[in-house]
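Student: You'll find my_file-v2.cif just under this line, and it carries mmCIF, C-alpha atoms.
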data_model
loop_
_atom_site.label_atom_id
_atom_site.label_comp_id
_atom_site.auth_asym_id
_atom_site.auth_seq_id
_atom_site.Cartn_x
_atom_site.Cartn_y
_atom_site.Cartn_z
CA MET A 18 -0.58 2.19 -16.48
CA GLN A 19 -2.45 -0.77 -17.85
CA ASN A 20 -2.80 -4.31 -16.66
CA GLU A 21 -2.52 -6.50 -19.74
CA GLU A 22 -4.95 -9.05 -18.30
CA ALA A 23 -7.95 -6.72 -18.23
CA GLY A 24 -11.07 -8.41 -19.51
CA ASP A 25 -12.23 -7.88 -23.08
CA SER A 26 -15.70 -9.35 -22.74
CA MET A 27 -18.84 -7.32 -22.13
CA SER A 28 -19.92 -9.89 -19.57
CA THR A 29 -16.74 -9.55 -17.49
CA ASN A 30 -16.69 -6.71 -15.00
CA PRO A 31 -13.25 -5.04 -15.38
CA PHE A 32 -13.37 -3.14 -12.08
CA THR A 33 -11.64 -4.62 -9.05
CA PRO A 34 -12.88 -3.25 -5.70
CA THR A 35 -10.80 -5.79 -3.80
CA PHE A 36 -7.86 -4.64 -1.71
CA GLY A 37 -4.50 -5.25 -3.36
CA ILE A 38 -5.83 -6.32 -6.77
CA VAL A 39 -4.16 -4.37 -9.56
CA PRO A 40 -6.83 -2.39 -11.45
CA ALA A 41 -7.00 -2.27 -15.23
CA HIS A 42 -5.72 1.34 -15.07
CA MET A 43 -3.81 2.86 -12.15
CA ALA A 44 -5.28 6.35 -11.96
CA GLY A 45 -2.90 9.11 -10.99
CA ARG A 46 0.06 6.95 -9.96
CA GLU A 47 2.10 7.04 -13.17
CA ASP A 48 4.85 9.29 -11.74
CA VAL A 49 5.38 7.12 -8.65
CA ILE A 50 5.37 3.88 -10.64
CA GLY A 51 7.73 5.33 -13.24
CA GLU A 52 10.15 6.43 -10.53
CA LEU A 53 10.20 2.99 -8.91
CA LEU A 54 10.66 1.12 -12.18
CA ARG A 55 13.51 3.46 -13.17
CA ALA A 56 15.15 2.67 -9.84
CA LEU A 57 15.03 -1.03 -10.71
CA ASP A 58 16.56 -0.28 -14.12
CA ASN A 59 19.34 1.81 -12.57
CA GLY A 60 20.11 -0.80 -9.91
CA VAL A 61 22.74 -0.49 -7.21
CA GLY A 62 23.20 3.07 -6.00
CA ASP A 63 19.81 4.46 -6.99
CA PRO A 64 18.42 6.25 -3.90
CA ASN A 65 14.88 5.16 -4.71
CA LEU A 66 15.65 1.47 -4.19
CA VAL A 67 14.40 2.01 -0.64
CA THR A 68 10.97 3.61 -0.89
CA ILE A 69 8.13 4.03 1.58
CA VAL A 70 4.57 4.60 0.38
CA SER A 71 2.07 5.98 2.86
CA GLY A 72 -1.58 6.92 2.70
CA ALA A 73 -5.04 6.45 4.14
CA ARG A 74 -7.02 3.26 3.62
CA GLY A 75 -8.20 2.89 0.05
CA THR A 76 -5.61 5.15 -1.58
CA GLY A 77 -4.12 2.24 -3.51
CA LYS A 78 -0.93 1.48 -1.57
CA THR A 79 -1.18 -2.30 -1.86
CA ALA A 80 -2.25 -2.18 -5.51
CA LEU A 81 0.74 0.02 -6.30
CA LEU A 82 3.15 -2.42 -4.64
CA SER A 83 1.50 -5.29 -6.49
CA TYR A 84 1.79 -3.52 -9.83
CA VAL A 85 5.50 -2.77 -9.41
CA ALA A 86 6.15 -6.34 -8.23
CA ASP A 87 4.38 -7.70 -11.32
CA GLU A 88 6.52 -5.50 -13.54
CA ALA A 89 9.80 -6.33 -11.79
CA ALA A 90 10.61 -9.41 -13.91
CA ALA A 91 10.75 -7.34 -17.08
CA HIS A 92 13.40 -5.18 -15.40
CA GLY A 93 15.67 -8.04 -14.33
CA TRP A 94 14.37 -8.59 -10.81
CA ILE A 95 12.41 -11.21 -8.92
CA ALA A 96 9.86 -9.92 -6.44
CA VAL A 97 8.98 -11.29 -3.02
CA ASN A 98 5.80 -9.87 -1.50
CA VAL A 99 4.92 -10.13 2.19
CA SER A 100 2.90 -8.33 4.84
CA ALA A 101 4.46 -7.25 8.13
CA LEU A 102 3.30 -10.20 10.23
CA PRO A 103 5.01 -12.68 12.55
CA GLY A 104 6.94 -15.23 10.48
CA MET A 105 7.77 -12.63 7.82
CA LEU A 106 11.52 -13.36 7.85
CA ASP A 107 11.12 -17.05 7.08
CA GLU A 108 8.49 -16.29 4.45
CA ILE A 109 10.92 -13.96 2.66
CA VAL A 110 13.56 -16.70 2.55
CA GLN A 111 11.11 -19.36 1.37
CA GLN A 112 9.52 -17.12 -1.26
CA THR A 113 12.94 -16.11 -2.57
CA LYS A 114 13.95 -19.75 -2.97
CA LYS A 115 10.67 -20.57 -4.69
CA ARG A 116 10.63 -17.64 -7.10
CA ALA A 117 14.33 -17.91 -7.90
CA GLY A 118 14.43 -21.70 -8.00
CA HIS A 119 15.53 -21.65 -11.65
CA LEU A 120 18.43 -19.32 -10.80
CA ILE A 121 19.70 -20.60 -7.46
CA GLU A 122 21.82 -23.70 -7.22
CA SER A 123 20.36 -26.13 -4.74
CA ASP A 124 22.45 -28.87 -3.19
CA GLY A 125 19.97 -31.44 -2.06
CA ALA A 126 22.61 -33.82 -0.73
CA VAL A 127 22.15 -35.14 2.77
CA ARG A 128 24.54 -36.71 5.25
CA ILE A 129 24.06 -38.98 8.22
CA SER A 130 24.22 -36.84 11.33
CA SER A 131 23.74 -39.56 13.95
CA ILE A 132 23.03 -43.26 14.46
CA HIS A 133 21.38 -44.60 17.59
CA LEU A 134 21.59 -48.35 18.31
CA GLY A 135 19.35 -50.05 20.81
CA ASN A 136 16.09 -51.87 20.63
CA ILE A 137 15.32 -49.79 17.54
CA ALA A 138 17.93 -48.54 15.08
CA GLU A 139 17.49 -44.84 14.31
CA VAL A 140 19.31 -42.98 11.56
CA THR A 141 19.09 -39.17 11.38
CA PHE A 142 19.80 -37.32 8.17
CA GLN A 143 20.74 -33.66 7.89
CA GLU A 144 21.02 -31.43 4.85
CA GLN A 145 24.63 -30.91 3.89
CA ASN A 146 24.16 -27.21 3.21
CA GLU A 147 22.75 -26.51 6.66
CA GLU A 148 20.89 -23.20 7.06
CA ALA A 149 22.97 -20.33 8.37
CA ALA A 150 22.25 -19.16 11.88
CA THR A 151 20.99 -15.65 11.13
CA TRP A 152 18.44 -14.33 8.69
CA ARG A 153 20.89 -11.77 7.32
CA ILE A 154 23.49 -14.43 6.44
CA ARG A 155 20.84 -16.67 4.87
CA MET A 156 19.78 -13.74 2.69
CA GLU A 157 23.39 -12.93 1.80
CA ASP A 158 23.81 -16.49 0.51
CA LEU A 159 20.70 -16.11 -1.65
CA LEU A 160 21.80 -12.72 -2.93
CA ASP A 161 25.21 -14.18 -3.82
CA GLU A 162 23.47 -16.81 -5.95
CA LEU A 163 21.25 -14.23 -7.65
CA ALA A 164 24.25 -12.02 -8.37
CA LYS A 165 25.73 -14.81 -10.54
CA THR A 166 22.88 -14.24 -13.01
CA ASP A 167 22.79 -10.46 -12.53
CA THR A 168 19.31 -10.70 -11.01
CA GLY A 169 18.05 -8.29 -8.37
CA LEU A 170 15.75 -9.07 -5.45
CA LEU A 171 12.80 -6.78 -4.77
CA LEU A 172 11.18 -7.06 -1.35
CA THR A 173 7.75 -5.47 -0.98
CA ILE A 174 6.38 -5.24 2.55
CA ASP A 175 2.79 -4.15 3.04
CA GLU A 176 1.07 -2.91 6.21
CA VAL A 177 4.33 -1.97 7.92
CA ARG A 178 4.28 -2.03 11.72
CA GLU A 179 6.68 -0.43 14.14
CA ASP A 180 5.93 -2.99 16.89
CA LEU A 181 7.06 -6.05 14.90
CA ASP A 182 10.66 -7.00 15.66
CA GLU A 183 10.99 -8.78 12.31
CA MET A 184 10.18 -5.51 10.55
CA ILE A 185 13.07 -3.86 12.37
CA GLN A 186 15.37 -6.76 11.47
CA VAL A 187 14.59 -6.46 7.77
CA ALA A 188 15.17 -2.70 7.79
CA SER A 189 18.40 -3.06 9.74
CA ALA A 190 19.76 -5.79 7.45
CA MET A 191 18.80 -3.70 4.43
CA GLN A 192 21.22 -1.00 5.56
CA HIS A 193 24.06 -3.54 5.47
CA PHE A 194 22.98 -4.93 2.10
CA LEU A 195 23.07 -1.46 0.58
CA ARG A 196 26.43 -0.71 2.13
CA GLU A 197 27.75 -3.92 0.56
CA ARG A 198 26.28 -2.78 -2.79
CA ARG A 199 24.05 -5.80 -3.15
CA ASN A 200 21.39 -5.83 -5.84
CA ILE A 201 18.35 -5.54 -3.58
CA ALA A 202 15.41 -3.14 -3.28
CA LEU A 203 12.89 -2.58 -0.50
CA PHE A 204 9.49 -1.02 -1.23
CA MET A 205 7.19 -0.66 1.78
CA ALA A 206 3.66 0.61 2.33
CA GLY A 207 1.57 1.41 5.36
CA LEU A 208 -0.82 3.73 7.13
CA PRO A 209 0.76 7.09 8.02
CA THR A 210 0.64 6.50 11.76
CA HIS A 211 2.59 3.21 11.50
CA VAL A 212 5.06 4.61 8.98
CA SER A 213 5.70 7.61 11.23
CA ALA A 214 6.30 5.38 14.26
CA LEU A 215 8.66 3.15 12.28
CA LEU A 216 10.71 6.13 11.14
CA GLN A 217 11.06 7.25 14.75
CA ASN A 218 12.68 3.94 15.74
CA LYS A 219 16.37 4.66 16.38
CA SER A 220 17.37 1.15 15.28
CA VAL A 221 16.42 1.94 11.68
CA SER A 222 17.07 5.65 11.53
CA PHE A 223 18.56 5.23 8.03
CA LEU A 224 14.97 4.78 6.78
CA ARG A 225 14.44 8.49 7.35
CA ARG A 226 16.57 9.01 4.25
CA ALA A 227 14.42 6.66 2.18
CA ASN A 228 12.36 7.87 -0.75
CA TYR A 229 8.87 8.74 0.51
CA HIS A 230 5.52 9.06 -1.24
CA ASP A 231 2.32 10.14 0.47
CA LEU A 232 -0.56 8.85 -1.64
CA GLY A 233 -3.55 11.13 -1.53
CA THR A 234 -6.47 11.66 -3.86
CA VAL A 235 -6.02 11.89 -7.63
CA GLU A 236 -7.19 14.58 -10.02
CA ASP A 237 -10.67 14.39 -11.54
CA PHE A 238 -9.34 14.23 -15.09
CA GLU A 239 -7.23 11.21 -14.13
CA VAL A 240 -10.29 9.54 -12.62
CA ALA A 241 -12.23 10.23 -15.83
CA GLN A 242 -9.44 8.77 -17.96
CA ALA A 243 -9.20 5.62 -15.84
CA LEU A 244 -12.96 5.09 -15.91
CA THR A 245 -13.20 5.61 -19.66
CA LYS A 246 -10.23 3.39 -20.51
CA THR A 247 -11.41 0.62 -18.21
CA ILE A 248 -14.96 0.64 -19.57
CA GLU A 249 -13.99 0.93 -23.23
CA GLY A 250 -11.21 -1.63 -22.81
CA ALA A 251 -13.84 -4.13 -21.69
CA GLY A 252 -16.08 -3.50 -24.69
CA ARG A 253 -18.61 -0.96 -23.43
CA SER A 254 -19.01 2.84 -23.46
CA ILE A 255 -20.31 5.40 -20.99
CA ASP A 256 -22.67 8.34 -21.41
CA GLU A 257 -20.85 11.69 -21.08
CA GLU A 258 -23.17 13.00 -18.34
CA ALA A 259 -22.94 9.65 -16.57
CA LEU A 260 -19.16 9.94 -16.60
CA LYS A 261 -19.33 13.42 -15.03
CA ARG A 262 -21.60 12.15 -12.26
CA ALA A 263 -19.33 9.21 -11.57
CA VAL A 264 -16.23 11.41 -11.36
CA ALA A 265 -17.94 13.88 -9.03
CA SER A 266 -19.02 11.09 -6.69
CA ILE A 267 -15.56 9.51 -6.52
CA GLY A 268 -13.83 12.57 -5.13
CA GLY A 269 -10.43 11.45 -6.40
CA PHE A 270 -10.40 8.38 -4.14
CA PRO A 271 -8.95 5.29 -5.92
CA TYR A 272 -10.94 2.69 -4.01
CA MET A 273 -14.18 4.60 -4.60
CA LEU A 274 -13.34 4.65 -8.32
CA GLN A 275 -13.30 0.86 -8.35
CA LEU A 276 -16.48 0.64 -6.25
CA VAL A 277 -18.48 3.04 -8.41
CA GLY A 278 -17.22 1.43 -11.62
CA TYR A 279 -17.96 -2.08 -10.39
CA ARG A 280 -21.44 -1.28 -9.10
CA ALA A 281 -22.41 0.78 -12.18
CA TRP A 282 -21.24 -2.03 -14.48
CA GLU A 283 -23.36 -4.57 -12.59
CA ALA A 284 -26.47 -2.39 -12.82
CA SER A 285 -27.03 -3.49 -16.45
CA PRO A 286 -24.20 -5.87 -17.43
CA ASP A 287 -25.74 -6.84 -20.79
CA SER A 288 -26.05 -3.29 -22.11
CA SER A 289 -23.45 -1.91 -24.50
CA PHE A 290 -23.12 1.34 -22.54
CA LEU A 291 -23.34 2.65 -18.97
CA SER A 292 -26.21 5.09 -18.57
CA ILE A 293 -26.89 7.83 -16.02
CA ALA A 294 -29.27 5.43 -14.26
CA ASP A 295 -26.53 2.78 -14.08
CA VAL A 296 -24.07 5.26 -12.58
CA ASP A 297 -26.62 6.60 -10.07
CA THR A 298 -27.29 3.05 -8.93
CA GLY A 299 -23.56 2.39 -8.74
CA ILE A 300 -22.94 5.51 -6.66
CA SER A 301 -25.67 4.60 -4.20
CA HIS A 302 -24.30 1.10 -3.60
CA ALA A 303 -20.68 2.29 -3.60
CA ARG A 304 -21.37 4.80 -0.82
CA ILE A 305 -22.73 2.01 1.36
CA ASP A 306 -19.65 -0.12 0.61
CA MET A 307 -17.33 2.79 1.31
CA ARG A 308 -18.98 3.55 4.63
CA ARG A 309 -18.80 -0.06 5.81
CA LYS A 310 -15.35 -0.98 4.52
CA ILE A 311 -13.41 2.26 5.02
CA PHE A 312 -15.11 5.00 7.00
CA ASP A 313 -16.57 2.98 9.87
CA THR A 314 -13.17 1.41 10.53
CA THR A 315 -11.39 4.75 10.36
CA PHE A 316 -13.93 6.39 12.69
CA LYS A 317 -13.59 3.63 15.30
CA GLU A 318 -9.86 4.34 15.55
CA LEU A 319 -10.41 8.02 16.38
CA SER A 320 -10.19 9.26 19.96
CA LYS A 321 -12.78 11.63 21.41
CA GLY A 322 -10.30 14.47 20.97
CA ASP A 323 -9.75 13.52 17.34
CA VAL A 324 -13.51 13.62 16.72
CA ARG A 325 -13.84 17.03 18.41
CA PHE A 326 -11.03 18.38 16.22
CA LEU A 327 -12.68 17.08 13.05
CA ALA A 328 -16.10 18.34 14.11
CA ALA A 329 -14.57 21.81 14.44
CA MET A 330 -13.50 21.62 10.77
CA LEU A 331 -16.86 20.72 9.29
CA GLU A 332 -18.25 24.23 8.92
CA ASP A 333 -15.40 25.24 6.60
CA GLU A 334 -15.94 24.65 2.90
CA GLY A 335 -12.25 24.23 2.08
CA ALA A 336 -9.20 24.11 4.34
CA SER A 337 -9.48 25.09 8.00
CA GLU A 338 -7.21 27.37 10.01
CA LEU A 339 -5.73 25.77 13.10
CA ALA A 340 -6.50 28.90 15.12
CA ASP A 341 -10.19 28.67 14.16
CA ILE A 342 -10.28 24.97 15.07
CA ALA A 343 -8.76 25.67 18.50
CA ARG A 344 -11.25 28.48 19.13
CA ARG A 345 -14.21 26.29 18.20
CA MET A 346 -12.90 23.55 20.49
CA GLY A 347 -12.49 26.06 23.29
CA LYS A 348 -8.82 25.11 23.58
CA LYS A 349 -5.41 26.72 23.09
CA SER A 350 -3.51 26.30 19.83
CA ASN A 351 -0.90 23.97 21.32
CA TYR A 352 -3.70 21.60 22.39
CA ALA A 353 -5.17 21.62 18.88
CA SER A 354 -1.69 21.14 17.39
CA GLU A 355 -1.34 17.78 19.15
CA TYR A 356 -4.54 16.49 17.54
CA LYS A 357 -3.47 17.95 14.22
CA ARG A 358 -0.30 15.84 14.42
CA ARG A 359 -2.25 12.70 15.38
CA LEU A 360 -4.75 13.06 12.56
CA ILE A 361 -2.06 13.74 9.97
CA GLU A 362 -0.25 10.58 11.07
CA GLN A 363 -3.51 8.65 10.68
CA GLY A 364 -3.94 9.97 7.15
CA VAL A 365 -7.26 11.63 8.00
CA ILE A 366 -6.19 15.24 7.45
CA ALA A 367 -3.42 16.89 5.45
CA ASP A 368 -1.25 19.91 6.26
CA ARG A 369 -1.78 22.55 3.59
CA GLY A 370 0.80 25.00 5.01
CA GLN A 371 0.43 28.42 6.65
CA GLY A 372 -1.58 26.99 9.54
CA LEU A 373 -4.16 25.35 7.26
CA VAL A 374 -5.37 21.75 7.36
CA ARG A 375 -7.87 19.85 5.25
CA ILE A 376 -9.72 16.57 5.60
CA GLU A 377 -7.72 14.41 3.19
CA ILE A 378 -10.63 12.28 1.93
CA PRO A 379 -13.47 14.58 0.76
CA LEU A 380 -16.04 11.80 1.07
CA PHE A 381 -15.07 11.28 4.71
CA LYS A 382 -16.11 14.86 5.45
CA ASP A 383 -19.64 14.09 4.22
CA TYR A 384 -19.60 10.92 6.33
CA LEU A 385 -18.60 12.91 9.43
CA LYS A 386 -21.33 15.50 8.84
CA GLU A 387 -23.91 12.75 8.70
CA ARG A 388 -22.53 10.84 11.66
CA LEU A 389 -22.06 13.84 13.95
CA SER A 390 -25.27 15.67 13.07
#
Could you write out this structure as structure tokens?

Tutor:
Amino acid sequence: MQNEEAGDSMSTNPFTPTFGIVPAHMAGREDVIGELLRALDNGVGDPNLVTIVSGARGTGKTALLSYVADEAAAHGWIAVNVSALPGMLDEIVQQTKKRAGHLIESDGAVRISSIHLGNIAEVTFQEQNEEAATWRIRMEDLLDELAKTDTGLLLTIDEVREDLDEMIQVASAMQHFLRERRNIALFMAGLPTHVSALLQNKSVSFLRRANYHDLGTVEDFEVAQALTKTIEGAGRSIDEEALKRAVASIGGFPYMLQLVGYRAWEASPDSSFLSIADVDTGISHARIDMRRKIFDTTFKELSKGDVRFLAAMLEDEGASELADIARRMGKKSNYASEYKRRLIEQGVIADRGQGLVRIEIPLFKDYLKERLS
């Protein structure tokens, strides 16, 4: 997937290691994006119109939502993008009015609501089309207006939280909108632990039937393609051996791809190609960025038991057996199973089946070895 606004000047760095910014090429997410855009094309009744995207920090959740939102207009939808924060409901209404201003009829007429006579005359005006009392009814009015032009409304909600009442209200209203066959879609993204907690809320149990994508790492060949296309699309080339080194250092992690690319590009921005030396410099700086922006934050959220569980995995080259982890911890399997569940929900490890688990982010394993040594 390509962002049409990628730079075409050698002096412009095409990599975007900023959270939520759509990269020039979305490595390894073509299937997910294609599925979501087809849902918008199909419209009412498509089961993928309610989709939840989950994954660890830096796996590209926000960028994916942003990309689909940018593409929505070409598929007959307007997109409203918010984060799960207090005030979210009002922001959704206001953004919808703003983005659909050319489609929604607005009656700006006002009427006199009261007159007070005394030492000072006071006249109070009130909008004739007074806001409805509930958020759901206000949204129904907006959806009715959009339906007149056969336009759908896409809501994207990032950083979902189970402890925000407004998040529950949106999800609950969405169930009614779908039942009424309204042209609306809801794409959400969040860390696994928050997504899991939200799905356990009985008030929005229908979300358990939503389409679900767990974003993990991407394949090396997809990383190589994204790097090459981004570099060449911006007017430079990359040495073949340098490309191999870059791919190996990235470990399939989308945010690391942007970091390595950005730092390598900056190493010699006036050169027509990226050399091995440029990439080595980029890798060195990117690892520092990755540690500070992703791994330190993730580590701080781990409990002592979580850390002991992960430490027991470090001697295994590939996946670890739960029984071996429990033995190394000096605990029973049911004790280790509880930490397995916690770490999966946090997006730190992945269940590989048959009692096997693996640290989801390969680079985080190296970080843990260094930190716990």

Student: From (23.4, -0.9, -11.2), in the file's coordinates, out to 12 Å: which residues are reached, counting only C-alpha atoms? Answer as a list in words.

Tutor: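 Result, sorted by chain then residue number: Arg55, Ala56, Leu57, Asp58, Asn59, Gly60, Val61, Gly62, Asp63, Pro64, Leu66, His92, Gly93, Trp94, Ala164, Asp167, Thr168, Gly169, Leu195, Arg198, Arg199, Asn200, Ile201 and Ala202 of chain A.
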
Student: Create the file for the chosen residues now, containing C-alpha atoms and written as a CSV table (one decimal), keeping the file's coordinate frame.

Tutor:
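For reference, result_2.csv as written:
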chain,number,residue,atom,x,y,z
A,55,ARG,CA,13.5,3.5,-13.2
A,56,ALA,CA,15.2,2.7,-9.8
A,57,LEU,CA,15.0,-1.0,-10.7
A,58,ASP,CA,16.6,-0.3,-14.1
A,59,ASN,CA,19.3,1.8,-12.6
A,60,GLY,CA,20.1,-0.8,-9.9
A,61,VAL,CA,22.7,-0.5,-7.2
A,62,GLY,CA,23.2,3.1,-6.0
A,63,ASP,CA,19.8,4.5,-7.0
A,64,PRO,CA,18.4,6.2,-3.9
A,66,LEU,CA,15.6,1.5,-4.2
A,92,HIS,CA,13.4,-5.2,-15.4
A,93,GLY,CA,15.7,-8.0,-14.3
A,94,TRP,CA,14.4,-8.6,-10.8
A,164,ALA,CA,24.2,-12.0,-8.4
A,167,ASP,CA,22.8,-10.5,-12.5
A,168,THR,CA,19.3,-10.7,-11.0
A,169,GLY,CA,18.0,-8.3,-8.4
A,195,LEU,CA,23.1,-1.5,0.6
A,198,ARG,CA,26.3,-2.8,-2.8
A,199,ARG,CA,24.0,-5.8,-3.2
A,200,ASN,CA,21.4,-5.8,-5.8
A,201,ILE,CA,18.4,-5.5,-3.6
A,202,ALA,CA,15.4,-3.1,-3.3

Student: Can you tell me how far atom CA of Thr245 of chain A sits from atom CA of Gly51 of chain A, in Å to one decimal?

Tutor: 21.9 Å

Student: Calculated over all atoms listed in the file, which of the candidates A:Thr35, A:Val85, A:Glu338, A:Ser390 has the smallest distance to Gln371 of chain A?

Tutor: A:Glu338

Student: Pick from A:Gln275, A:Ser71, A:Asn65, A:Thr151: nearest to Asn228 of chain A, with only C-alpha atoms counted?

Tutor: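 Nearest candidate to Asn228 of chain A out of A:Gln275, A:Ser71, A:Asn65, A:Thr151: A:Asn65.
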
Student: Which residues are close to segment 40-44 of chain A, i.e. within 12 Å by only C-alpha atoms, leaving aside same-chain residues fewer than 6 positions away? Reply as a VMD selection string.

Tutor: chain A and resid 18 to 25 30 to 34 50 to 51 76 to 85 232 to 251 269 to 276 278 to 279

Student: Determine the nearest neighbour of Glu318 of chain A from the options A:Arg359, A:Gly299, A:Asp306, A:Arg280, counting all atoms listed in the file.

Tutor: A:Arg359

Student: Evaluate the PyMOL selection byres ((chain A and resi 102) around 9) and record the selected residues as a PyMOL selection string, following the chain and residue labels used in the document.

Tutor: chain A and resi 99-101+103-105+176-178+181+183-184

Student: If you measure from atom CA of Thr315 of chain A to atom CA of Glu355 of chain A, what distance in Å do you get, rounded to one decimal?

Tutor: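 Here the two named atoms are 18.7 Å from each other.
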
Student: Record the distance separating atom CA of Val374 of chain A and atom CA of Arg358 of chain A, expressed in Å with one decimal.

Tutor: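 Going from atom CA of Val374 of chain A over to atom CA of Arg358 of chain A covers 10.5 Å.
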
Student: Go through A:Ala73, A:Leu389, A:Val324, A:Leu224 and flag the residue nearest Ala367 of chain A, using all atoms listed in the file for the distances.

Tutor: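 Once distances to Ala367 of chain A are computed over all atoms listed in the file, the minimum belongs to A:Ala73.
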
Student: Could you give me the centre and size, in Å to one decimal, of an axis-aligned box around all listed atoms of segment 346-359 of chain A with 3 Å added on every side, as lines of an AutoDock Vina configuration file?

Tutor:
center_x = -6.6
center_y = 19.7
center_z = 18.9
size_x = 18.6
size_y = 20.0
size_z = 15.4

Student: List the residues selected by the PyMOL selection byres ((chain A and resi 281) around 8) in the file shown, writing them as a PyMOL selection string.

Tutor: chain A and resi 277-280+282-285+291+295-300

Student: Would you export the selected residues with C-alpha atoms as a compact mmCIF listing (two decimals), in the coordinates of the input, please?

Tutor:
# COMPACT_ATOMS: atom_id res chain seq x y z
CA VAL A 277 -18.48 3.04 -8.41
CA GLY A 278 -17.22 1.43 -11.62
CA TYR A 279 -17.96 -2.08 -10.39
CA ARG A 280 -21.44 -1.28 -9.10
CA TRP A 282 -21.24 -2.03 -14.48
CA GLU A 283 -23.36 -4.57 -12.59
CA ALA A 284 -26.47 -2.39 -12.82
CA SER A 285 -27.03 -3.49 -16.45
CA LEU A 291 -23.34 2.65 -18.97
CA ASP A 295 -26.53 2.78 -14.08
CA VAL A 296 -24.07 5.26 -12.58
CA ASP A 297 -26.62 6.60 -10.07
CA THR A 298 -27.29 3.05 -8.93
CA GLY A 299 -23.56 2.39 -8.74
CA ILE A 300 -22.94 5.51 -6.66

Student: Step by step, work through what the PyMOL selection byres ((chain A and resi 213) around 10) selects in the shown file, and finish by giving those residues as a list in words.

Tutor: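 Going through the file, the PyMOL selection byres ((chain A and resi 213) around 10) ends up selecting Ser71, Arg178, Glu179, Gly207, Leu208, Pro209, Thr210, His211, Val212, Ala214, Leu215, Leu216, Gln217, Asn218, Arg225, Ile361, Glu362 and Gln363 of chain A.
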
Student: Suppose we keep C-alpha atoms; can you now write the selection as a PDB file, keeping the file's coordinate frame?

Tutor:
ATOM      1  CA  SER A  71       2.070   5.980   2.860  1.00  0.00           C
ATOM      2  CA  ARG A 178       4.280  -2.030  11.720  1.00  0.00           C
ATOM      3  CA  GLU A 179       6.680  -0.430  14.140  1.00  0.00           C
ATOM      4  CA  GLY A 207       1.570   1.410   5.360  1.00  0.00           C
ATOM      5  CA  LEU A 208      -0.820   3.730   7.130  1.00  0.00           C
ATOM      6  CA  PRO A 209       0.760   7.090   8.020  1.00  0.00           C
ATOM      7  CA  THR A 210       0.640   6.500  11.760  1.00  0.00           C
ATOM      8  CA  HIS A 211       2.590   3.210  11.500  1.00  0.00           C
ATOM      9  CA  VAL A 212       5.060   4.610   8.980  1.00  0.00           C
ATOM     10  CA  ALA A 214       6.300   5.380  14.260  1.00  0.00           C
ATOM     11  CA  LEU A 215       8.660   3.150  12.280  1.00  0.00           C
ATOM     12  CA  LEU A 216      10.710   6.130  11.140  1.00  0.00           C
ATOM     13  CA  GLN A 217      11.060   7.250  14.750  1.00  0.00           C
ATOM     14  CA  ASN A 218      12.680   3.940  15.740  1.00  0.00           C
ATOM     15  CA  ARG A 225      14.440   8.490   7.350  1.00  0.00           C
ATOM     16  CA  ILE A 361      -2.060  13.740   9.970  1.00  0.00           C
ATOM     17  CA  GLU A 362      -0.250  10.580  11.070  1.00  0.00           C
ATOM     18  CA  GLN A 363      -3.510   8.650  10.680  1.00  0.00           C
TER      19      GLN A 363
END

Student: When you count all atoms listed in the file, which of these residues is closest to Asp313 of chain A: A:Ile109, A:Ile121, A:Val49, A:Tyr384?

Tutor: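 Closest to Asp313 of chain A, using all atoms listed in the file: A:Tyr384.
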
Student: Fewer than 2 positions away in the same chain doesn't count, so skip those; otherwise give me all residues within 9 Å of Leu331 of chain A, counting all atoms listed in the file, as number ranges by chain.

Tutor: A: 327-329, 333-334, 337, 382-383, 385-386

Student: Which one is closest to Ser292 of chain A: A:Arg325, A:Leu319, A:Glu108, A:Asp256? Count all atoms listed in the file.

Tutor: A:Asp256

Student: Using only C-alpha atoms, determine which residues lie at most 10 Å from Thr113 of chain A, disregarding the query and same-chain residues fewer than 5 positions distant; provide the list as a list in words.

Tutor: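 With the cut-off at 10 Å, the set is Ile95, Ala96, Val97, Asn98, Asp107, Glu108, Gly118, Ile121, Met156, Leu159, Leu160, Leu163, Leu170, Leu171 and Leu172 of chain A.
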
Student: Those residues with C-alpha atoms, as an mmCIF file, in the coordinates of the input please?

Tutor:
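Just written: selection.cif:
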data_model
loop_
_atom_site.group_PDB
_atom_site.id
_atom_site.type_symbol
_atom_site.label_atom_id
_atom_site.label_comp_id
_atom_site.auth_asym_id
_atom_site.auth_seq_id
_atom_site.Cartn_x
_atom_site.Cartn_y
_atom_site.Cartn_z
ATOM 1 C CA ILE A 95 12.410 -11.210 -8.920
ATOM 2 C CA ALA A 96 9.860 -9.920 -6.440
ATOM 3 C CA VAL A 97 8.980 -11.290 -3.020
ATOM 4 C CA ASN A 98 5.800 -9.870 -1.500
ATOM 5 C CA ASP A 107 11.120 -17.050 7.080
ATOM 6 C CA GLU A 108 8.490 -16.290 4.450
ATOM 7 C CA GLY A 118 14.430 -21.700 -8.000
ATOM 8 C CA ILE A 121 19.700 -20.600 -7.460
ATOM 9 C CA MET A 156 19.780 -13.740 2.690
ATOM 10 C CA LEU A 159 20.700 -16.110 -1.650
ATOM 11 C CA LEU A 160 21.800 -12.720 -2.930
ATOM 12 C CA LEU A 163 21.250 -14.230 -7.650
ATOM 13 C CA LEU A 170 15.750 -9.070 -5.450
ATOM 14 C CA LEU A 171 12.800 -6.780 -4.770
ATOM 15 C CA LEU A 172 11.180 -7.060 -1.350
#
